[in-house]
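File shown here: coords-v5.json, holding JSON, C-alpha atoms and all ligand atoms.
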[["chain", "number", "residue", "atom", "x", "y", "z"],
["A", 1, "MET", "CA", 1.85, -97.64, -73.55],
["A", 2, "ASN", "CA", 3.66, -100.64, -72.04],
["A", 3, "LYS", "CA", 6.77, -99.93, -70.02],
["A", 4, "LEU", "CA", 10.19, -100.27, -71.63],
["A", 5, "ILE", "CA", 12.30, -103.30, -70.74],
["A", 6, "ILE", "CA", 16.03, -102.60, -70.98],
["A", 7, "GLU", "CA", 18.37, -105.58, -71.29],
["A", 8, "VAL", "CA", 22.09, -104.97, -70.96],
["A", 9, "ARG", "CA", 24.32, -107.15, -73.13],
["A", 10, "ILE", "CA", 27.26, -106.66, -70.91],
["A", 11, "ASN", "CA", 30.22, -108.44, -72.53],
["A", 12, "GLU", "CA", 29.58, -111.16, -75.17],
["A", 13, "TYR", "CA", 33.05, -112.15, -76.42],
["A", 14, "ALA", "CA", 34.02, -108.50, -77.07],
["A", 15, "SER", "CA", 37.66, -107.49, -76.66],
["A", 16, "ARG", "CA", 38.93, -104.47, -74.73],
["A", 17, "LYS", "CA", 40.81, -103.19, -77.75],
["A", 18, "HIS", "CA", 38.30, -100.43, -78.56],
["A", 19, "ASN", "CA", 36.68, -100.02, -75.14],
["A", 20, "ALA", "CA", 38.45, -101.09, -71.93],
["A", 21, "ASN", "CA", 35.15, -101.15, -69.97],
["A", 22, "VAL", "CA", 34.17, -104.63, -71.16],
["A", 23, "PRO", "CA", 33.88, -106.76, -67.98],
["A", 24, "PHE", "CA", 35.51, -110.22, -67.87],
["A", 25, "SER", "CA", 35.52, -111.65, -64.32],
["A", 26, "PRO", "CA", 32.40, -112.44, -62.24],
["A", 27, "ALA", "CA", 33.28, -109.51, -59.92],
["A", 28, "GLU", "CA", 33.62, -107.11, -62.85],
["A", 29, "ILE", "CA", 30.42, -108.32, -64.49],
["A", 30, "CYS", "CA", 28.56, -107.93, -61.19],
["A", 31, "GLU", "CA", 29.91, -104.44, -60.58],
["A", 32, "GLU", "CA", 28.81, -103.38, -64.08],
["A", 33, "ALA", "CA", 25.44, -105.09, -63.68],
["A", 34, "LEU", "CA", 24.85, -103.16, -60.46],
["A", 35, "ARG", "CA", 25.53, -99.85, -62.23],
["A", 36, "CYS", "CA", 23.21, -100.81, -65.09],
["A", 37, "TRP", "CA", 20.47, -101.86, -62.67],
["A", 38, "ARG", "CA", 20.65, -98.45, -61.01],
["A", 39, "ALA", "CA", 20.44, -96.82, -64.45],
["A", 40, "GLY", "CA", 17.26, -98.71, -65.43],
["A", 41, "ALA", "CA", 18.24, -102.14, -66.76],
["A", 42, "SER", "CA", 16.08, -105.07, -65.69],
["A", 43, "ILE", "CA", 17.77, -107.97, -67.54],
["A", 44, "VAL", "CA", 21.48, -108.77, -67.69],
["A", 45, "HIS", "CA", 22.90, -111.01, -70.40],
["A", 46, "TYR", "CA", 26.47, -112.22, -69.93],
["A", 47, "HIS", "CA", 29.08, -114.66, -71.21],
["A", 48, "ALA", "CA", 31.61, -116.38, -68.95],
["A", 49, "ARG", "CA", 35.14, -115.21, -69.77],
["A", 50, "ASP", "CA", 38.55, -116.08, -68.49],
["A", 51, "PRO", "CA", 39.06, -113.42, -65.76],
["A", 52, "HIS", "CA", 42.54, -112.52, -67.03],
["A", 53, "SER", "CA", 42.72, -113.08, -70.78],
["A", 54, "GLY", "CA", 39.01, -112.58, -71.48],
["A", 55, "ALA", "CA", 39.00, -115.78, -73.57],
["A", 56, "PRO", "CA", 35.62, -117.53, -73.84],
["A", 57, "SER", "CA", 35.00, -119.89, -70.92],
["A", 58, "ALA", "CA", 32.53, -122.76, -70.66],
["A", 59, "LEU", "CA", 33.05, -123.26, -66.90],
["A", 60, "SER", "CA", 29.76, -123.48, -65.07],
["A", 61, "GLU", "CA", 31.55, -122.28, -61.88],
["A", 62, "ILE", "CA", 32.19, -118.93, -63.55],
["A", 63, "TYR", "CA", 28.61, -118.72, -64.81],
["A", 64, "GLY", "CA", 27.37, -119.66, -61.34],
["A", 65, "GLU", "CA", 29.56, -117.28, -59.38],
["A", 66, "THR", "CA", 28.44, -114.44, -61.64],
["A", 67, "ALA", "CA", 24.74, -115.25, -61.18],
["A", 68, "ARG", "CA", 25.17, -115.55, -57.42],
["A", 69, "ARG", "CA", 26.95, -112.20, -57.12],
["A", 70, "ILE", "CA", 24.35, -110.40, -59.25],
["A", 71, "ARG", "CA", 21.46, -111.93, -57.27],
["A", 72, "ASP", "CA", 23.09, -110.97, -53.96],
["A", 73, "GLN", "CA", 23.01, -107.30, -54.85],
["A", 74, "THR", "CA", 20.16, -106.75, -57.31],
["A", 75, "ASP", "CA", 16.82, -108.16, -58.44],
["A", 76, "LEU", "CA", 17.94, -108.19, -62.08],
["A", 77, "LEU", "CA", 16.72, -111.02, -64.31],
["A", 78, "VAL", "CA", 19.70, -113.16, -65.19],
["A", 79, "MET", "CA", 20.38, -114.48, -68.70],
["A", 80, "PRO", "CA", 23.66, -116.35, -69.21],
["A", 81, "THR", "CA", 24.40, -117.34, -72.78],
["A", 82, "LEU", "CA", 23.93, -120.78, -74.17],
["A", 83, "GLY", "CA", 27.30, -122.42, -74.86],
["A", 84, "ALA", "CA", 29.14, -121.15, -77.92],
["A", 85, "TRP", "CA", 28.16, -122.82, -81.17],
["A", 86, "THR", "CA", 31.75, -124.04, -81.50],
["A", 87, "LEU", "CA", 31.12, -126.55, -78.67],
["A", 88, "PRO", "CA", 30.87, -130.14, -79.91],
["A", 89, "SER", "CA", 27.19, -130.96, -79.26],
["A", 90, "PRO", "CA", 23.81, -129.48, -78.28],
["A", 91, "GLU", "CA", 24.19, -131.25, -74.90],
["A", 92, "ALA", "CA", 27.54, -129.53, -74.28],
["A", 93, "ARG", "CA", 26.09, -126.15, -75.24],
["A", 94, "MET", "CA", 23.33, -126.64, -72.67],
["A", 95, "SER", "CA", 25.23, -128.30, -69.80],
["A", 96, "HIS", "CA", 26.07, -125.18, -67.73],
["A", 97, "ILE", "CA", 22.43, -124.01, -67.88],
["A", 98, "ILE", "CA", 21.27, -127.36, -66.47],
["A", 99, "GLU", "CA", 24.00, -127.19, -63.84],
["A", 100, "LEU", "CA", 23.04, -123.64, -62.78],
["A", 101, "ALA", "CA", 19.33, -124.48, -62.73],
["A", 102, "ARG", "CA", 19.81, -127.10, -59.99],
["A", 103, "ASP", "CA", 20.37, -124.36, -57.40],
["A", 104, "PRO", "CA", 17.72, -121.63, -57.02],
["A", 105, "ALA", "CA", 20.52, -119.15, -56.20],
["A", 106, "THR", "CA", 22.06, -119.60, -59.65],
["A", 107, "ARG", "CA", 19.08, -120.70, -61.74],
["A", 108, "PRO", "CA", 18.91, -118.49, -64.84],
["A", 109, "ASP", "CA", 15.65, -116.66, -65.51],
["A", 110, "PHE", "CA", 16.27, -117.02, -69.24],
["A", 111, "ALA", "CA", 18.48, -118.79, -71.72],
["A", 112, "PRO", "CA", 18.67, -117.54, -75.32],
["A", 113, "ILE", "CA", 18.00, -119.85, -78.28],
["A", 114, "ASP", "CA", 19.01, -118.74, -81.79],
["A", 115, "MET", "CA", 15.99, -119.91, -83.77],
["A", 116, "GLY", "CA", 17.71, -120.98, -86.98],
["A", 117, "THR", "CA", 20.91, -121.52, -88.93],
["A", 118, "SER", "CA", 22.94, -118.64, -90.39],
["A", 119, "ASN", "CA", 26.07, -117.93, -92.40],
["A", 120, "VAL", "CA", 28.20, -115.83, -90.09],
["A", 121, "ASP", "CA", 31.19, -114.97, -92.28],
["A", 122, "ALA", "CA", 32.26, -111.35, -91.89],
["A", 123, "TYR", "CA", 32.87, -109.17, -94.95],
["A", 124, "ASP", "CA", 35.83, -106.81, -94.97],
["A", 125, "ALA", "CA", 34.43, -103.87, -96.96],
["A", 126, "ARG", "CA", 37.74, -102.01, -97.16],
["A", 127, "ASN", "CA", 39.52, -104.89, -98.85],
["A", 128, "ARG", "CA", 36.40, -106.15, -100.64],
["A", 129, "ARG", "CA", 36.68, -109.72, -99.46],
["A", 130, "PHE", "CA", 35.21, -112.12, -96.94],
["A", 131, "ILE", "CA", 37.40, -112.78, -93.89],
["A", 132, "SER", "CA", 36.10, -116.37, -93.74],
["A", 133, "ASP", "CA", 33.81, -118.21, -96.10],
["A", 134, "GLU", "CA", 32.52, -121.37, -94.48],
["A", 135, "THR", "CA", 31.34, -120.38, -91.01],
["A", 136, "VAL", "CA", 27.87, -121.78, -90.48],
["A", 137, "TYR", "CA", 26.14, -121.19, -87.15],
["A", 138, "LEU", "CA", 24.27, -124.47, -87.15],
["A", 139, "ASN", "CA", 20.99, -124.83, -85.21],
["A", 140, "THR", "CA", 18.92, -127.64, -86.70],
["A", 141, "THR", "CA", 15.24, -127.90, -85.86],
["A", 142, "ARG", "CA", 16.04, -131.02, -83.85],
["A", 143, "THR", "CA", 18.62, -129.08, -81.78],
["A", 144, "LEU", "CA", 16.13, -126.25, -81.21],
["A", 145, "GLN", "CA", 13.47, -128.69, -80.01],
["A", 146, "PHE", "CA", 16.03, -130.29, -77.70],
["A", 147, "PHE", "CA", 16.92, -126.86, -76.27],
["A", 148, "ALA", "CA", 13.24, -125.93, -75.82],
["A", 149, "ARG", "CA", 12.48, -129.16, -73.93],
["A", 150, "THR", "CA", 15.56, -129.20, -71.70],
["A", 151, "ILE", "CA", 15.26, -125.51, -70.80],
["A", 152, "ARG", "CA", 11.65, -126.00, -69.79],
["A", 153, "GLU", "CA", 12.45, -129.11, -67.71],
["A", 154, "ALA", "CA", 15.13, -127.08, -65.92],
["A", 155, "GLY", "CA", 12.61, -124.37, -65.02],
["A", 156, "VAL", "CA", 14.26, -121.74, -67.24],
["A", 157, "ARG", "CA", 12.41, -119.60, -69.80],
["A", 158, "PRO", "CA", 13.65, -119.36, -73.39],
["A", 159, "VAL", "CA", 14.50, -116.17, -75.23],
["A", 160, "ALA", "CA", 13.75, -116.60, -78.94],
["A", 161, "VAL", "CA", 16.67, -114.99, -80.76],
["A", 162, "LEU", "CA", 15.55, -113.90, -84.22],
["A", 163, "TRP", "CA", 18.03, -113.23, -87.00],
["A", 164, "ASN", "CA", 15.41, -113.16, -89.76],
["A", 165, "VAL", "CA", 11.72, -113.56, -90.54],
["A", 166, "SER", "CA", 12.13, -117.31, -90.85],
["A", 167, "ALA", "CA", 13.09, -117.41, -87.15],
["A", 168, "ILE", "CA", 9.91, -115.50, -86.22],
["A", 169, "ARG", "CA", 7.83, -118.07, -88.11],
["A", 170, "THR", "CA", 9.70, -120.96, -86.47],
["A", 171, "THR", "CA", 9.11, -119.44, -83.02],
["A", 172, "ALA", "CA", 5.38, -119.09, -83.72],
["A", 173, "ALA", "CA", 5.34, -122.77, -84.76],
["A", 174, "PHE", "CA", 7.13, -123.68, -81.50],
["A", 175, "VAL", "CA", 4.33, -121.97, -79.56],
["A", 176, "GLU", "CA", 1.69, -123.79, -81.60],
["A", 177, "ALA", "CA", 3.46, -127.12, -81.10],
["A", 178, "GLY", "CA", 3.55, -126.57, -77.33],
["A", 179, "LEU", "CA", 7.37, -126.27, -77.20],
["A", 180, "PHE", "CA", 7.27, -122.65, -75.98],
["A", 181, "GLU", "CA", 4.80, -120.98, -73.65],
["A", 182, "GLU", "CA", 3.52, -117.44, -74.17],
["A", 183, "PRO", "CA", 4.64, -114.81, -73.71],
["A", 184, "VAL", "CA", 7.89, -115.55, -75.55],
["A", 185, "TYR", "CA", 10.51, -112.87, -74.97],
["A", 186, "SER", "CA", 11.79, -112.35, -78.53],
["A", 187, "GLU", "CA", 15.07, -110.72, -79.42],
["A", 188, "ILE", "CA", 15.52, -109.23, -82.91],
["A", 189, "VAL", "CA", 19.16, -109.36, -84.01],
["A", 190, "LEU", "CA", 20.18, -106.68, -86.52],
["A", 191, "THR", "CA", 23.73, -107.04, -87.84],
["A", 192, "GLU", "CA", 26.32, -104.48, -88.92],
["A", 193, "GLY", "CA", 30.12, -104.49, -89.18],
["A", 194, "GLY", "CA", 30.28, -106.80, -92.21],
["A", 195, "LEU", "CA", 27.94, -109.46, -90.83],
["A", 196, "PHE", "CA", 24.99, -110.12, -93.17],
["A", 197, "ALA", "CA", 23.07, -112.78, -91.25],
["A", 198, "GLY", "CA", 20.52, -110.25, -89.99],
["A", 199, "ASN", "CA", 18.78, -107.16, -91.34],
["A", 200, "PRO", "CA", 20.80, -103.93, -91.23],
["A", 201, "GLY", "CA", 20.72, -101.80, -88.08],
["A", 202, "THR", "CA", 18.36, -99.23, -89.54],
["A", 203, "VAL", "CA", 14.74, -98.26, -88.97],
["A", 204, "ARG", "CA", 13.78, -100.12, -92.16],
["A", 205, "GLY", "CA", 15.76, -103.15, -91.03],
["A", 206, "LEU", "CA", 13.83, -103.17, -87.76],
["A", 207, "ALA", "CA", 10.45, -102.47, -89.37],
["A", 208, "ALA", "CA", 10.85, -105.37, -91.81],
["A", 209, "MET", "CA", 11.19, -107.71, -88.82],
["A", 210, "ALA", "CA", 8.63, -106.08, -86.51],
["A", 211, "ASP", "CA", 5.96, -106.22, -89.24],
["A", 212, "PHE", "CA", 6.11, -110.02, -89.28],
["A", 213, "PHE", "CA", 5.26, -110.69, -85.64],
["A", 214, "PRO", "CA", 2.01, -112.68, -85.54],
["A", 215, "ALA", "CA", -0.91, -110.82, -83.98],
["A", 216, "SER", "CA", -2.29, -113.98, -82.40],
["A", 217, "ILE", "CA", 0.83, -114.97, -80.42],
["A", 218, "ARG", "CA", 2.31, -112.96, -77.57],
["A", 219, "MET", "CA", 5.93, -112.34, -78.54],
["A", 220, "PRO", "CA", 7.05, -109.10, -76.83],
["A", 221, "TRP", "CA", 10.11, -108.10, -78.82],
["A", 222, "THR", "CA", 13.34, -106.39, -78.02],
["A", 223, "VAL", "CA", 16.04, -105.34, -80.48],
["A", 224, "MET", "CA", 19.83, -105.48, -80.51],
["A", 225, "CYS", "CA", 22.47, -104.70, -83.12],
["A", 226, "ALA", "CA", 25.52, -106.96, -83.38],
["A", 227, "GLY", "CA", 28.51, -104.96, -84.61],
["A", 228, "GLY", "CA", 26.80, -101.57, -84.79],
["A", 229, "ASN", "CA", 25.47, -98.56, -82.90],
["A", 230, "LEU", "CA", 21.88, -99.25, -81.79],
["A", 231, "PHE", "CA", 20.93, -95.61, -81.14],
["A", 232, "PRO", "CA", 19.73, -94.85, -84.72],
["A", 233, "ILE", "CA", 16.81, -97.21, -84.10],
["A", 234, "VAL", "CA", 16.20, -96.82, -80.35],
["A", 235, "GLY", "CA", 13.57, -94.11, -80.96],
["A", 236, "ALA", "CA", 11.70, -96.23, -83.52],
["A", 237, "ALA", "CA", 11.69, -99.25, -81.19],
["A", 238, "ILE", "CA", 10.40, -97.15, -78.28],
["A", 239, "GLU", "CA", 7.70, -95.64, -80.50],
["A", 240, "ARG", "CA", 6.55, -99.07, -81.72],
["A", 241, "GLY", "CA", 6.22, -100.49, -78.22],
["A", 242, "GLY", "CA", 9.31, -102.69, -78.52],
["A", 243, "HIS", "CA", 12.08, -103.10, -75.97],
["A", 244, "ILE", "CA", 15.82, -102.43, -76.05],
["A", 245, "ALA", "CA", 18.84, -104.74, -75.67],
["A", 246, "ILE", "CA", 22.12, -102.83, -75.70],
["A", 247, "GLY", "CA", 25.65, -103.13, -74.41],
["A", 248, "LEU", "CA", 29.39, -103.13, -74.96],
["A", 249, "GLY", "CA", 29.18, -106.82, -75.83],
["A", 250, "ASP", "CA", 27.70, -105.88, -79.20],
["A", 251, "TYR", "CA", 29.59, -102.69, -80.01],
["A", 252, "PRO", "CA", 32.23, -100.49, -78.30],
["A", 253, "TYR", "CA", 30.48, -97.11, -78.89],
["A", 254, "THR", "CA", 33.75, -95.25, -79.38],
["A", 255, "GLU", "CA", 31.78, -92.40, -81.01],
["A", 256, "LEU", "CA", 30.29, -91.79, -77.56],
["A", 257, "GLY", "CA", 33.77, -91.70, -75.99],
["A", 258, "THR", "CA", 34.15, -95.33, -74.82],
["A", 259, "PRO", "CA", 31.26, -95.28, -72.33],
["A", 260, "ARG", "CA", 30.44, -97.87, -69.69],
["A", 261, "ASN", "CA", 27.46, -100.18, -70.16],
["A", 262, "ALA", "CA", 25.54, -98.16, -67.56],
["A", 263, "GLU", "CA", 25.90, -94.97, -69.59],
["A", 264, "LEU", "CA", 24.25, -96.68, -72.57],
["A", 265, "VAL", "CA", 21.40, -97.86, -70.35],
["A", 266, "GLU", "CA", 21.04, -94.36, -68.90],
["A", 267, "ARG", "CA", 20.78, -92.82, -72.39],
["A", 268, "VAL", "CA", 18.11, -95.32, -73.45],
["A", 269, "ALA", "CA", 16.13, -94.73, -70.24],
["A", 270, "GLY", "CA", 16.37, -90.97, -70.81],
["A", 271, "MET", "CA", 15.09, -91.27, -74.40],
["A", 272, "ALA", "CA", 12.15, -93.40, -73.24],
["A", 273, "ARG", "CA", 11.15, -90.87, -70.61],
["A", 274, "VAL", "CA", 11.41, -87.99, -73.09],
["A", 275, "MET", "CA", 9.15, -89.96, -75.45],
["A", 276, "GLY", "CA", 6.60, -90.58, -72.70],
["A", 277, "ARG", "CA", 7.39, -94.21, -71.97],
["A", 278, "GLU", "CA", 8.32, -95.36, -68.50],
["A", 279, "VAL", "CA", 11.10, -97.83, -67.82],
["A", 280, "ALA", "CA", 10.11, -101.20, -66.35],
["A", 281, "THR", "CA", 11.63, -102.32, -63.05],
["A", 282, "PRO", "CA", 12.84, -105.91, -62.81],
["A", 283, "SER", "CA", 9.67, -106.97, -61.00],
["A", 284, "GLU", "CA", 7.50, -105.30, -63.66],
["A", 285, "THR", "CA", 9.60, -107.06, -66.30],
["A", 286, "ARG", "CA", 8.95, -110.38, -64.58],
["A", 287, "SER", "CA", 5.21, -109.93, -64.77],
["A", 288, "MET", "CA", 5.31, -108.60, -68.36],
["A", 289, "LEU", "CA", 7.31, -111.65, -69.48],
["A", 290, "GLY", "CA", 5.36, -114.17, -67.43],
["A", 291, "ILE", "CA", 8.19, -115.16, -65.10],
["A", 292, "GLY", "CA", 6.91, -116.50, -61.79],
["A", 301, "ZN", "ZN", 25.38, -113.40, -75.90]]
Give the structure from this file in structure tokens form.
Ligand code: ZN
Amino acid sequence: MNKLIIEVRINEYASRKHNANVPFSPAEICEEALRCWRAGASIVHYHARDPHSGAPSALSEIYGETARRIRDQTDLLVMPTLGAWTLPSPEARMSHIIELARDPATRPDFAPIDMGTSNVDAYDARNRRFISDETVYLNTTRTLQFFARTIREAGVRPVAVLWNVSAIRTTAAFVEAGLFEEPVYSEIVLTEGGLFAGNPGTVRGLAAMADFFPASIRMPWTVMCAGGNLFPIVGAAIERGGHIAIGLGDYPYTELGTPRNAELVERVAGMARVMGREVATPSETRSMLGIG
């Protein structure tokens, strides 16, 4: 079977309230990335944060310093986020990627594109009410085409982020239309913690997505769970030939005793080996995902 690609989702915009090991500064992110690399990760996904408060940052200097530090010490594939959807325009969401891509030392290997629009209001189950009720994560088809073209011109590969089956179909159409090149690294987003934009973080939730990947288009998939523990489906993903994207950015894993990112990676790598699947090195990941 193909080797397992492990992506670490190192911080997102997660707070340190439930797990103090969430890295904020470029130095902290790099230190964590190094540990994860040693444990078997081959891709690191990160968000720029204010080094002190942890508030979201859009500064390309922070994105760049982080990429540079990681590249100095590892051969990890680097995937900074696209700008937060709260930024005013598609151009603003993309600007740091273009900036980083100008210098080979900071050029991202990937940038993620959420392949559709979703309602992202969280439900508070205890109080039986929605915490917000008009939060739309807007990604029009025009915006997605703009992202696909500008990322390609910058020499960066897209990650198709898939919240539902519609996004899988849109991605396949992007390949057909020549907007994406195969293979397209495809990230299934399952959602827990009161977020209903994706399927639940269960084996059935995963299967209902995995079943819809087109046989004729190369879309190697990985799976993550926003707001929930990914381990209940790690075995199923490994068995089906999928890949794993895990980290403290998505969930604090307090039931595992507030681990570090690297401990999550180590557990996943251990499960893969027990199940007879080897873990891909960064250079193997590059060739599997068609990165030059
Ligand atoms: Zn992210």
Query raised in the report: Excluding same-chain residues fewer than 5 positions from A:Pro90, what lies within 8 Å of it counting all atoms listed in the file, as a list in words?
Result: Thr143, Phe146 and Phe147 of chain A
Under the rule of at most 10 Å, produce a per-residue listing of stretch 16-117 of chain A near stretch 187-191 of chain A: chain, number, name, the closest pair of atoms, and the distance in Å, as a Markdown table, using only C-alpha atoms.
| residue | atom | partner | partner_atom | distance |
| --- | --- | --- | --- | --- |
| A:Pro112 | CA | A:Glu187 | CA | 8.7 |
| A:Ile113 | CA | A:Glu187 | CA | 9.7 |
| A:Asp114 | CA | A:Glu187 | CA | 9.2 |
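Distance annotation: of A:Gly193, A:Gly40, A:Gly249, A:Pro200, the residue with the minimal separation from ligand ZN 301 (chain A) is A:Gly249; atom set is all atoms listed in the file.
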Dump as a tab-separated table (two decimals) with C-alpha atoms, keeping the file's coordinate frame all residues having an atom at most 9 Å from (32.4, -110.0, -76.8), computed in the file's coordinates with all atoms listed in the file.
chain	number	residue	atom	x	y	z
A	10	ILE	CA	27.26	-106.66	-70.91
A	11	ASN	CA	30.22	-108.44	-72.53
A	12	GLU	CA	29.58	-111.16	-75.17
A	13	TYR	CA	33.05	-112.15	-76.42
A	14	ALA	CA	34.02	-108.50	-77.07
A	15	SER	CA	37.66	-107.49	-76.66
A	16	ARG	CA	38.93	-104.47	-74.73
A	22	VAL	CA	34.17	-104.63	-71.16
A	47	HIS	CA	29.08	-114.66	-71.21
A	54	GLY	CA	39.01	-112.58	-71.48
A	56	PRO	CA	35.62	-117.53	-73.84
A	248	LEU	CA	29.39	-103.13	-74.96
A	249	GLY	CA	29.18	-106.82	-75.83
A	250	ASP	CA	27.70	-105.88	-79.20
A	251	TYR	CA	29.59	-102.69	-80.01
Query - Close residues, A:Ala237 itself excluded, 10 Å, only C-alpha atoms, min 3 positions apart in chain, as a VMD selection string - result: chain A and resid 4 203 206 to 207 210 221 to 223 231 to 234 240 to 244 272
Query raised in the report: Which distance in Å separates atom CA of A:Ile5 and atom CA of A:Phe213, to one decimal?
Result: 18.1 Å
